[in-house]
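For reference, final27.tsv is printed below; it contains TSV, C-alpha atoms.
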chain	number	residue	atom	x	y	z
A	1	MET	CA	-2.14	5.07	-27.32
A	2	ALA	CA	1.40	6.33	-27.81
A	3	ASP	CA	3.87	4.31	-29.84
A	4	GLU	CA	4.85	1.14	-27.98
A	5	GLN	CA	8.53	2.04	-28.18
A	6	THR	CA	7.96	5.14	-26.03
A	7	ILE	CA	9.81	4.84	-22.73
A	8	TRP	CA	7.27	6.12	-20.25
A	9	THR	CA	9.86	6.56	-17.50
A	10	GLU	CA	11.53	9.32	-19.55
A	11	LYS	CA	8.33	10.69	-21.09
A	12	TYR	CA	6.72	11.33	-17.71
A	13	ARG	CA	9.85	12.46	-15.87
A	14	PRO	CA	9.12	15.69	-13.91
A	15	LYS	CA	10.11	18.89	-15.71
A	16	ASP	CA	9.78	21.23	-12.72
A	17	PHE	CA	9.36	21.16	-8.94
A	18	SER	CA	5.55	21.04	-9.07
A	19	ASP	CA	5.64	17.69	-10.89
A	20	ILE	CA	7.67	15.88	-8.22
A	21	ARG	CA	5.36	13.78	-6.07
A	22	GLY	CA	5.63	12.29	-2.61
A	23	GLN	CA	8.69	14.28	-1.43
A	24	VAL	CA	7.02	17.53	-0.41
A	25	GLU	CA	9.36	18.53	2.42
A	26	ILE	CA	12.51	17.69	0.46
A	27	VAL	CA	11.29	19.63	-2.58
A	28	ARG	CA	10.45	22.65	-0.41
A	29	LYS	CA	13.96	22.80	1.05
A	30	VAL	CA	15.76	22.19	-2.23
A	31	LYS	CA	13.59	24.74	-4.02
A	32	ALA	CA	14.65	27.33	-1.44
A	33	PHE	CA	18.33	26.63	-2.25
A	34	VAL	CA	17.67	27.05	-5.98
A	35	GLU	CA	15.74	30.30	-5.53
A	36	GLN	CA	18.73	31.73	-3.63
A	37	ARG	CA	21.00	30.50	-6.48
A	38	ASN	CA	23.21	28.85	-3.90
A	39	MET	CA	23.29	25.39	-2.40
A	40	PRO	CA	25.59	23.11	-0.43
A	41	HIS	CA	26.80	19.74	-1.61
A	42	VAL	CA	23.80	17.39	-1.41
A	43	LEU	CA	23.35	13.70	-0.66
A	44	PHE	CA	20.09	12.09	-1.80
A	45	THR	CA	19.49	8.68	-0.24
A	46	GLY	CA	16.55	6.31	-0.45
A	47	PRO	CA	15.07	3.38	-2.39
A	48	ALA	CA	15.05	3.17	-6.17
A	49	GLY	CA	12.46	4.94	-8.29
A	50	VAL	CA	11.36	7.64	-5.84
A	51	GLY	CA	12.66	10.76	-7.63
A	52	LYS	CA	16.32	11.28	-6.71
A	53	THR	CA	17.60	11.58	-10.28
A	54	SER	CA	14.49	13.48	-11.41
A	55	LEU	CA	14.92	16.07	-8.66
A	56	SER	CA	18.59	16.51	-9.63
A	57	LEU	CA	17.64	17.17	-13.26
A	58	VAL	CA	14.94	19.62	-12.18
A	59	ILE	CA	17.54	21.49	-10.09
A	60	ALA	CA	19.86	21.73	-13.11
A	61	ARG	CA	17.09	22.84	-15.49
A	62	THR	CA	15.85	25.48	-13.07
A	63	LEU	CA	19.28	26.86	-12.21
A	64	PHE	CA	20.90	26.81	-15.63
A	65	GLY	CA	18.00	27.16	-18.06
A	66	GLU	CA	18.95	26.42	-21.67
A	67	HIS	CA	22.62	25.90	-20.71
A	68	TRP	CA	21.88	23.10	-18.24
A	69	ARG	CA	23.56	20.40	-20.32
A	70	GLU	CA	26.85	22.34	-20.48
A	71	ASN	CA	26.88	22.91	-16.72
A	72	PHE	CA	25.64	19.51	-15.55
A	73	LEU	CA	27.74	16.34	-15.53
A	74	GLU	CA	25.91	13.08	-14.81
A	75	LEU	CA	27.93	9.97	-13.98
A	76	ASN	CA	26.74	6.55	-12.89
A	77	ALA	CA	29.16	5.47	-10.22
A	78	SER	CA	28.16	1.81	-10.50
A	79	ASP	CA	29.59	1.78	-14.05
A	80	GLU	CA	32.58	4.01	-13.35
A	81	ARG	CA	33.52	3.28	-9.77
A	82	GLY	CA	37.29	3.51	-9.64
A	83	ILE	CA	39.56	6.25	-8.38
A	84	ASP	CA	40.53	7.26	-11.93
A	85	VAL	CA	36.98	8.53	-12.54
A	86	VAL	CA	37.33	10.99	-9.67
A	87	ARG	CA	40.87	11.99	-10.61
A	88	VAL	CA	40.13	12.51	-14.32
A	89	LYS	CA	36.47	13.00	-15.32
A	90	VAL	CA	35.22	14.61	-12.12
A	91	LYS	CA	38.27	16.82	-11.53
A	92	ASP	CA	38.50	18.01	-15.15
A	93	PHE	CA	34.86	19.08	-15.10
A	94	ALA	CA	35.04	20.62	-11.62
A	95	ARG	CA	38.11	22.81	-12.22
A	96	THR	CA	36.53	24.87	-15.04
A	97	ARG	CA	34.11	27.76	-14.55
A	98	ALA	CA	30.41	27.54	-15.40
A	99	ILE	CA	29.05	28.67	-18.77
A	100	GLY	CA	26.64	31.60	-18.65
A	101	ASP	CA	25.43	33.72	-15.76
A	102	VAL	CA	25.31	30.93	-13.19
A	103	PRO	CA	27.21	30.70	-9.88
A	104	PHE	CA	28.49	27.12	-10.22
A	105	LYS	CA	28.26	23.87	-12.14
A	106	ILE	CA	26.76	20.62	-10.82
A	107	ILE	CA	28.23	17.12	-10.85
A	108	TYR	CA	25.65	14.41	-10.25
A	109	LEU	CA	27.03	11.04	-9.12
A	110	ASP	CA	24.30	8.40	-9.28
A	111	GLU	CA	24.60	5.20	-7.22
A	112	CYS	CA	27.65	6.61	-5.49
A	113	ASP	CA	27.44	3.91	-2.81
A	114	ALA	CA	29.11	1.72	-5.47
A	115	LEU	CA	32.26	3.87	-5.41
A	116	THR	CA	35.28	2.16	-3.91
A	117	LYS	CA	36.62	3.49	-0.60
A	118	ASP	CA	39.70	4.90	-2.36
A	119	ALA	CA	37.49	6.73	-4.85
A	120	GLN	CA	35.40	8.17	-2.02
A	121	GLN	CA	38.52	9.38	-0.25
A	122	ALA	CA	39.66	11.11	-3.45
A	123	LEU	CA	36.19	12.56	-3.93
A	124	ARG	CA	36.09	14.24	-0.52
A	125	ARG	CA	39.18	16.32	-1.32
A	126	THR	CA	37.81	17.22	-4.75
A	127	MET	CA	34.57	18.40	-3.13
A	128	GLU	CA	36.56	20.71	-0.85
A	129	ASN	CA	39.00	22.07	-3.42
A	130	TYR	CA	36.47	23.06	-6.09
A	131	THR	CA	33.61	24.44	-3.98
A	132	GLN	CA	33.92	27.83	-5.70
A	133	THR	CA	33.08	26.45	-9.13
A	134	THR	CA	31.18	23.20	-8.55
A	135	ARG	CA	28.50	21.63	-6.37
A	136	PHE	CA	28.08	17.88	-6.01
A	137	ILE	CA	24.79	16.00	-5.86
A	138	LEU	CA	25.39	12.44	-4.69
A	139	SER	CA	22.66	9.81	-4.97
A	140	CYS	CA	22.64	6.42	-3.28
A	141	ASN	CA	20.36	3.69	-1.99
A	142	TYR	CA	22.31	3.07	1.23
A	143	SER	CA	23.87	6.05	2.99
A	144	SER	CA	25.74	3.69	5.35
A	145	LYS	CA	28.04	2.82	2.42
A	146	ILE	CA	29.14	6.45	2.08
A	147	ILE	CA	32.14	7.34	4.24
A	148	ASP	CA	31.51	9.79	7.09
A	149	PRO	CA	33.78	12.58	5.73
A	150	ILE	CA	31.62	12.83	2.61
A	151	GLN	CA	28.36	12.73	4.58
A	152	SER	CA	29.61	15.55	6.82
A	153	ARG	CA	30.25	17.71	3.74
A	154	CYS	CA	26.71	17.26	2.41
A	155	ALA	CA	23.17	18.22	3.29
A	156	VAL	CA	21.49	14.81	3.54
A	157	PHE	CA	17.95	14.29	2.22
A	158	ARG	CA	16.28	10.93	2.83
A	159	PHE	CA	13.64	9.95	0.28
A	160	GLN	CA	10.66	7.72	1.07
A	161	PRO	CA	8.76	5.31	-1.19
A	162	LEU	CA	5.89	7.10	-2.92
A	163	PRO	CA	2.60	6.86	-0.95
A	164	LYS	CA	-0.50	5.25	-2.39
A	165	GLU	CA	-2.27	8.50	-3.28
A	166	ASP	CA	0.72	9.70	-5.33
A	167	ILE	CA	1.03	6.36	-7.13
A	168	PHE	CA	-2.67	6.58	-8.01
A	169	ALA	CA	-2.23	10.17	-9.24
A	170	ILE	CA	0.62	9.09	-11.54
A	171	ILE	CA	-1.48	6.20	-12.86
A	172	ASP	CA	-4.38	8.60	-13.58
A	173	VAL	CA	-2.15	11.03	-15.49
A	174	ILE	CA	-0.58	8.29	-17.62
A	175	ALA	CA	-3.92	6.56	-18.25
A	176	LYS	CA	-5.50	9.84	-19.38
A	177	ASN	CA	-2.64	10.80	-21.70
A	178	GLU	CA	-2.27	7.31	-23.18
A	179	GLY	CA	-6.01	6.66	-23.51
A	180	MET	CA	-5.99	3.61	-21.22
A	181	ASN	CA	-8.83	2.25	-19.09
A	182	VAL	CA	-7.52	1.07	-15.70
A	183	THR	CA	-9.79	-0.71	-13.21
A	184	PRO	CA	-9.59	0.11	-9.46
A	185	GLU	CA	-8.27	-3.43	-8.85
A	186	ALA	CA	-5.48	-2.77	-11.35
A	187	LYS	CA	-4.53	0.43	-9.52
A	188	ASP	CA	-4.28	-1.46	-6.24
A	189	ALA	CA	-2.26	-4.19	-7.98
A	190	LEU	CA	0.14	-1.66	-9.55
A	191	TYR	CA	0.73	-0.09	-6.15
A	192	GLU	CA	1.22	-3.53	-4.57
A	193	VAL	CA	3.80	-4.76	-7.10
A	194	SER	CA	5.66	-1.44	-7.41
A	195	GLY	CA	6.11	-0.92	-3.67
A	196	GLY	CA	6.28	2.86	-4.12
A	197	ASP	CA	8.86	2.61	-6.93
A	198	CYS	CA	7.64	4.93	-9.70
A	199	ARG	CA	10.05	3.55	-12.30
A	200	ARG	CA	8.89	-0.02	-11.71
A	201	LEU	CA	5.29	1.19	-11.77
A	202	GLU	CA	5.66	2.79	-15.20
A	203	ASN	CA	7.55	-0.15	-16.70
A	204	ILE	CA	4.89	-2.67	-15.57
A	205	PHE	CA	2.11	-0.29	-16.64
A	206	GLN	CA	3.63	0.06	-20.11
A	207	ALA	CA	4.05	-3.71	-20.45
A	208	CYS	CA	0.38	-4.20	-19.54
A	209	ALA	CA	-0.68	-1.50	-22.01
A	210	ALA	CA	1.20	-3.25	-24.81
A	211	ILE	CA	-0.90	-6.42	-24.48
A	212	ALA	CA	-4.16	-4.97	-23.14
A	213	GLU	CA	-7.24	-4.94	-25.35
A	214	GLY	CA	-8.88	-1.85	-23.98
A	215	THR	CA	-8.82	-2.43	-20.21
A	216	ILE	CA	-6.07	-3.23	-17.71
A	217	ASP	CA	-7.22	-5.36	-14.77
A	218	GLY	CA	-5.58	-6.67	-11.62
A	219	ASN	CA	-4.87	-10.18	-12.89
A	220	MET	CA	-3.02	-8.77	-15.90
A	221	VAL	CA	-0.82	-6.65	-13.63
A	222	PHE	CA	0.16	-9.54	-11.36
A	223	SER	CA	0.83	-11.77	-14.36
A	224	MET	CA	3.00	-9.18	-16.12
A	225	ALA	CA	4.95	-8.41	-12.94
A	226	SER	CA	5.58	-12.14	-12.31
A	227	VAL	CA	4.02	-11.79	-8.87
A	228	ALA	CA	1.48	-14.23	-7.45
A	229	HIS	CA	-1.93	-12.80	-6.66
A	230	PRO	CA	-2.12	-12.14	-2.89
A	231	LYS	CA	-5.37	-14.13	-2.70
A	232	GLU	CA	-3.60	-17.21	-4.06
A	233	VAL	CA	-0.72	-16.84	-1.60
A	234	LYS	CA	-3.17	-16.45	1.26
A	235	GLU	CA	-5.09	-19.53	0.06
A	236	ILE	CA	-1.89	-21.62	0.20
A	237	LEU	CA	-1.23	-20.54	3.79
A	238	GLU	CA	-4.84	-21.12	4.87
A	239	LEU	CA	-4.83	-24.64	3.37
A	240	ALA	CA	-1.72	-25.41	5.42
A	241	LEU	CA	-3.33	-23.86	8.49
A	242	ASP	CA	-6.36	-26.16	8.06
A	243	ASN	CA	-3.99	-29.18	8.03
A	244	LYS	CA	-4.62	-29.72	4.31
A	245	PHE	CA	-0.92	-30.05	3.72
A	246	ILE	CA	-1.06	-32.04	0.45
A	247	GLU	CA	-3.48	-29.52	-1.11
A	248	ALA	CA	-1.33	-26.60	0.10
A	249	ARG	CA	1.80	-28.16	-1.39
A	250	SER	CA	0.04	-28.78	-4.72
A	251	LYS	CA	-1.35	-25.24	-4.80
A	252	LEU	CA	2.13	-23.85	-4.05
A	253	LEU	CA	3.70	-25.71	-6.98
A	254	ASP	CA	0.91	-24.68	-9.35
A	255	THR	CA	1.25	-21.03	-8.33
A	256	MET	CA	5.02	-21.00	-8.75
A	257	LEU	CA	4.77	-22.58	-12.20
A	258	LYS	CA	1.89	-20.30	-13.25
A	259	TYR	CA	3.74	-17.08	-12.47
A	260	GLY	CA	7.30	-18.34	-13.01
A	261	LEU	CA	8.33	-17.61	-9.42
A	262	SER	CA	11.51	-18.64	-7.66
A	263	GLY	CA	11.59	-19.67	-4.01
A	264	LEU	CA	12.96	-16.27	-3.02
A	265	ASP	CA	10.09	-14.53	-4.82
A	266	ILE	CA	7.36	-16.53	-3.11
A	267	ILE	CA	8.95	-16.39	0.37
A	268	LYS	CA	8.73	-12.59	0.28
A	269	GLN	CA	5.03	-12.80	-0.52
A	270	PHE	CA	4.51	-15.36	2.24
A	271	GLN	CA	6.12	-12.94	4.66
A	272	LYS	CA	3.57	-10.24	3.77
A	273	GLU	CA	0.54	-12.53	3.96
A	274	LEU	CA	1.50	-14.30	7.20
A	275	TRP	CA	0.34	-11.28	9.19
A	276	GLN	CA	-3.21	-11.85	7.90
A	277	LEU	CA	-3.47	-15.43	9.19
A	278	ASN	CA	-5.88	-16.28	11.99
A	279	VAL	CA	-3.23	-17.43	14.47
A	280	PRO	CA	-1.98	-15.94	17.77
A	281	GLY	CA	0.47	-13.06	17.60
A	282	ARG	CA	3.38	-15.08	18.99
A	283	ALA	CA	2.81	-17.74	16.31
A	284	LYS	CA	2.94	-15.05	13.59
A	285	VAL	CA	6.24	-13.76	14.96
A	286	ASN	CA	7.69	-17.28	15.01
A	287	LEU	CA	6.59	-17.83	11.40
A	288	ILE	CA	8.18	-14.55	10.29
A	289	ASP	CA	11.38	-15.66	12.01
A	290	LYS	CA	11.13	-18.95	10.11
A	291	CYS	CA	10.74	-17.05	6.83
A	292	GLY	CA	14.03	-15.28	7.49
A	293	GLU	CA	15.78	-18.54	8.28
A	294	ILE	CA	14.42	-20.27	5.18
A	295	GLU	CA	15.35	-17.34	2.92
A	296	PHE	CA	18.91	-17.53	4.27
A	297	ARG	CA	19.04	-21.25	3.55
A	298	MET	CA	17.84	-20.67	-0.03
A	299	VAL	CA	20.51	-18.02	-0.60
A	300	GLU	CA	23.11	-20.47	0.70
A	301	GLY	CA	21.99	-23.08	-1.84
A	302	SER	CA	19.35	-25.25	-0.18
A	303	ASP	CA	16.60	-26.82	-2.29
A	304	GLU	CA	13.87	-24.19	-2.64
A	305	TYR	CA	10.90	-26.53	-2.76
A	306	VAL	CA	11.99	-28.53	0.29
A	307	GLN	CA	12.44	-25.33	2.26
A	308	LEU	CA	9.01	-24.01	1.21
A	309	GLU	CA	7.42	-27.31	2.24
A	310	ALA	CA	9.12	-26.92	5.61
A	311	LEU	CA	7.53	-23.47	5.95
A	312	LEU	CA	4.09	-24.88	5.16
A	313	ALA	CA	4.68	-27.56	7.79
A	314	HIS	CA	5.47	-24.85	10.37
A	315	VAL	CA	2.28	-22.99	9.37
A	316	ALA	CA	0.27	-26.17	9.92
A	317	ALA	CA	1.92	-26.75	13.30
A	318	SER	CA	1.34	-23.14	14.43
A	319	LYS	CA	-2.42	-23.70	14.83
A	320	GLU	CA	-1.86	-26.53	17.26
A	321	ASN	CA	0.42	-24.30	19.33

Output the structure of this file as structure tokens.
Amino acid sequence: MADEQTIWTEKYRPKDFSDIRGQVEIVRKVKAFVEQRNMPHVLFTGPAGVGKTSLSLVIARTLFGEHWRENFLELNASDERGIDVVRVKVKDFARTRAIGDVPFKIIYLDECDALTKDAQQALRRTMENYTQTTRFILSCNYSSKIIDPIQSRCAVFRFQPLPKEDIFAIIDVIAKNEGMNVTPEAKDALYEVSGGDCRRLENIFQACAAIAEGTIDGNMVFSMASVAHPKEVKEILELALDNKFIEARSKLLDTMLKYGLSGLDIIKQFQKELWQLNVPGRAKVNLIDKCGEIEFRMVEGSDEYVQLEALLAHVAASKEN
């Protein structure tokens, strides 16, 4: 296996368009822009770990070749979010011509939904004024936090979480290269805990590989990710449904202590497993509504364990209804 200090997220980052998984239509359109050596300003939006930054780096490598570092400025807007960043760093880079035989430079603003409104207003004018020399690639998790004038200046691409088959393909590539043995249950567990987030997948996978003695199994994945096994969560709910409230409460406490879970962690898993309970559809909907209410109360400062007991009580009452 590779040295434990290797950061898999960087090691397995895509180097060209063919390596980018799960975003076929987006890659096809962006690749067409690059082949024409011209592109509009671009806004990538979607959840974390699905390839937004990787695709931006692939665009720069393909367009600029060996000079990509000189013609590509990457800024994390969550660290540098004020108007001075746009007025100084961004403008100074944008006003100069590209190095080499390339039509423009690229400024990549990651997490740009963290930019203040004033900074976004300054950015929209900069995007207009320096179109001849610079293209902007903006990346964010929530496009609703980007002001409309910027969105209207960009081609918007909405990324989706990676599907199961692509997650499995990534696991197979890493396992082969690192000499790891991964059971089918572990693959399902890695997909479950990552939620389509490739970066989270690789970090959990690497953590499991560091402690594994030959084989990675499902229980190891759930333990390393600090996520309760779905079977245990379902067992808690079924105990409550069978009016075994004391046993359900005891099992809940044991599970939370075993995996080191907070109330907010376990309520999210309850929400997923509630749909599998053998209760009428209307009762399931009412329980999901109760999950939302209890999560809100936890965020506002209510005692987590009391609120979780209340949820178990509602589960027990749902069978009678």

(request) Take CA of Phe270 (chain A) and CA of Lys284 (chain A) and report the distance between them in Å, one decimal. (result)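 Calculated distance between CA of Phe270 (chain A) and CA of Lys284 (chain A) is 11.5 Å.
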
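Remark: for Ile146 (chain A), the closest of the candidate residues A:Ile99, A:Ala317, A:Leu43, A:Ala186 is A:Leu43 (distances computed over only C-alpha atoms).
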
(message) Please list, as a ChimeraX atom specification, the residues that have an atom at most 12 Å away from (0.3, -13.9, 4.0) in the coordinates of this file, counting all atoms listed in the file.
(response) /A:228-241,266-279,284,287-288,291,312,315

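Candidate residues A:Ile294, A:Ile107, A:Cys198, A:Ala155 were compared for distance to Ile171 (chain A), and the nearest is A:Cys198, using only C-alpha atoms.
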
(request) Name the residues in contact with Leu253 (chain A) at a cut-off of 10 Å, using only C-alpha atoms, excluding same-chain residues fewer than 4 positions from it; report them as a PyMOL selection string. (result) chain A and resi 236+248-249+257-258+261+305+308

(request) Dig up all the protein and nucleic acid residues within 12 Å of (16.4, 17.0, -9.8) in the file frame, using all atoms listed in the file, and format them as a ChimeraX atom specification. (result) /A:13-20,23,26-27,30-31,34,42-44,50-63,68,72,74,106-108,110,137-139

Go ahead and dump the residues you just picked, C-alpha atoms, as a compact mmCIF listing (two decimals), keeping the file's coordinate frame.
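Just written: result_30.txt:
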# COMPACT_ATOMS: atom_id res chain seq x y z
CA ARG A 13 9.85 12.46 -15.87
CA PRO A 14 9.12 15.69 -13.91
CA LYS A 15 10.11 18.89 -15.71
CA ASP A 16 9.78 21.23 -12.72
CA PHE A 17 9.36 21.16 -8.94
CA SER A 18 5.55 21.04 -9.07
CA ASP A 19 5.64 17.69 -10.89
CA ILE A 20 7.67 15.88 -8.22
CA GLN A 23 8.69 14.28 -1.43
CA ILE A 26 12.51 17.69 0.46
CA VAL A 27 11.29 19.63 -2.58
CA VAL A 30 15.76 22.19 -2.23
CA LYS A 31 13.59 24.74 -4.02
CA VAL A 34 17.67 27.05 -5.98
CA VAL A 42 23.80 17.39 -1.41
CA LEU A 43 23.35 13.70 -0.66
CA PHE A 44 20.09 12.09 -1.80
CA VAL A 50 11.36 7.64 -5.84
CA GLY A 51 12.66 10.76 -7.63
CA LYS A 52 16.32 11.28 -6.71
CA THR A 53 17.60 11.58 -10.28
CA SER A 54 14.49 13.48 -11.41
CA LEU A 55 14.92 16.07 -8.66
CA SER A 56 18.59 16.51 -9.63
CA LEU A 57 17.64 17.17 -13.26
CA VAL A 58 14.94 19.62 -12.18
CA ILE A 59 17.54 21.49 -10.09
CA ALA A 60 19.86 21.73 -13.11
CA ARG A 61 17.09 22.84 -15.49
CA THR A 62 15.85 25.48 -13.07
CA LEU A 63 19.28 26.86 -12.21
CA TRP A 68 21.88 23.10 -18.24
CA PHE A 72 25.64 19.51 -15.55
CA GLU A 74 25.91 13.08 -14.81
CA ILE A 106 26.76 20.62 -10.82
CA ILE A 107 28.23 17.12 -10.85
CA TYR A 108 25.65 14.41 -10.25
CA ASP A 110 24.30 8.40 -9.28
CA ILE A 137 24.79 16.00 -5.86
CA LEU A 138 25.39 12.44 -4.69
CA SER A 139 22.66 9.81 -4.97

(message) Using only C-alpha atoms for the distances, tell me which of A:Ala225, A:Ala169, A:Cys140, A:Ala48 is nearest to Phe157 (chain A).
(response)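 Using only C-alpha atoms, Phe157 (chain A) sits closest to A:Cys140.
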
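Between Lys251 (chain A) and the candidates A:Asp92, A:Glu185, A:Glu309, A:Asp148, the tightest atom-to-atom separation, counting all atoms listed in the file, involves A:Glu309.
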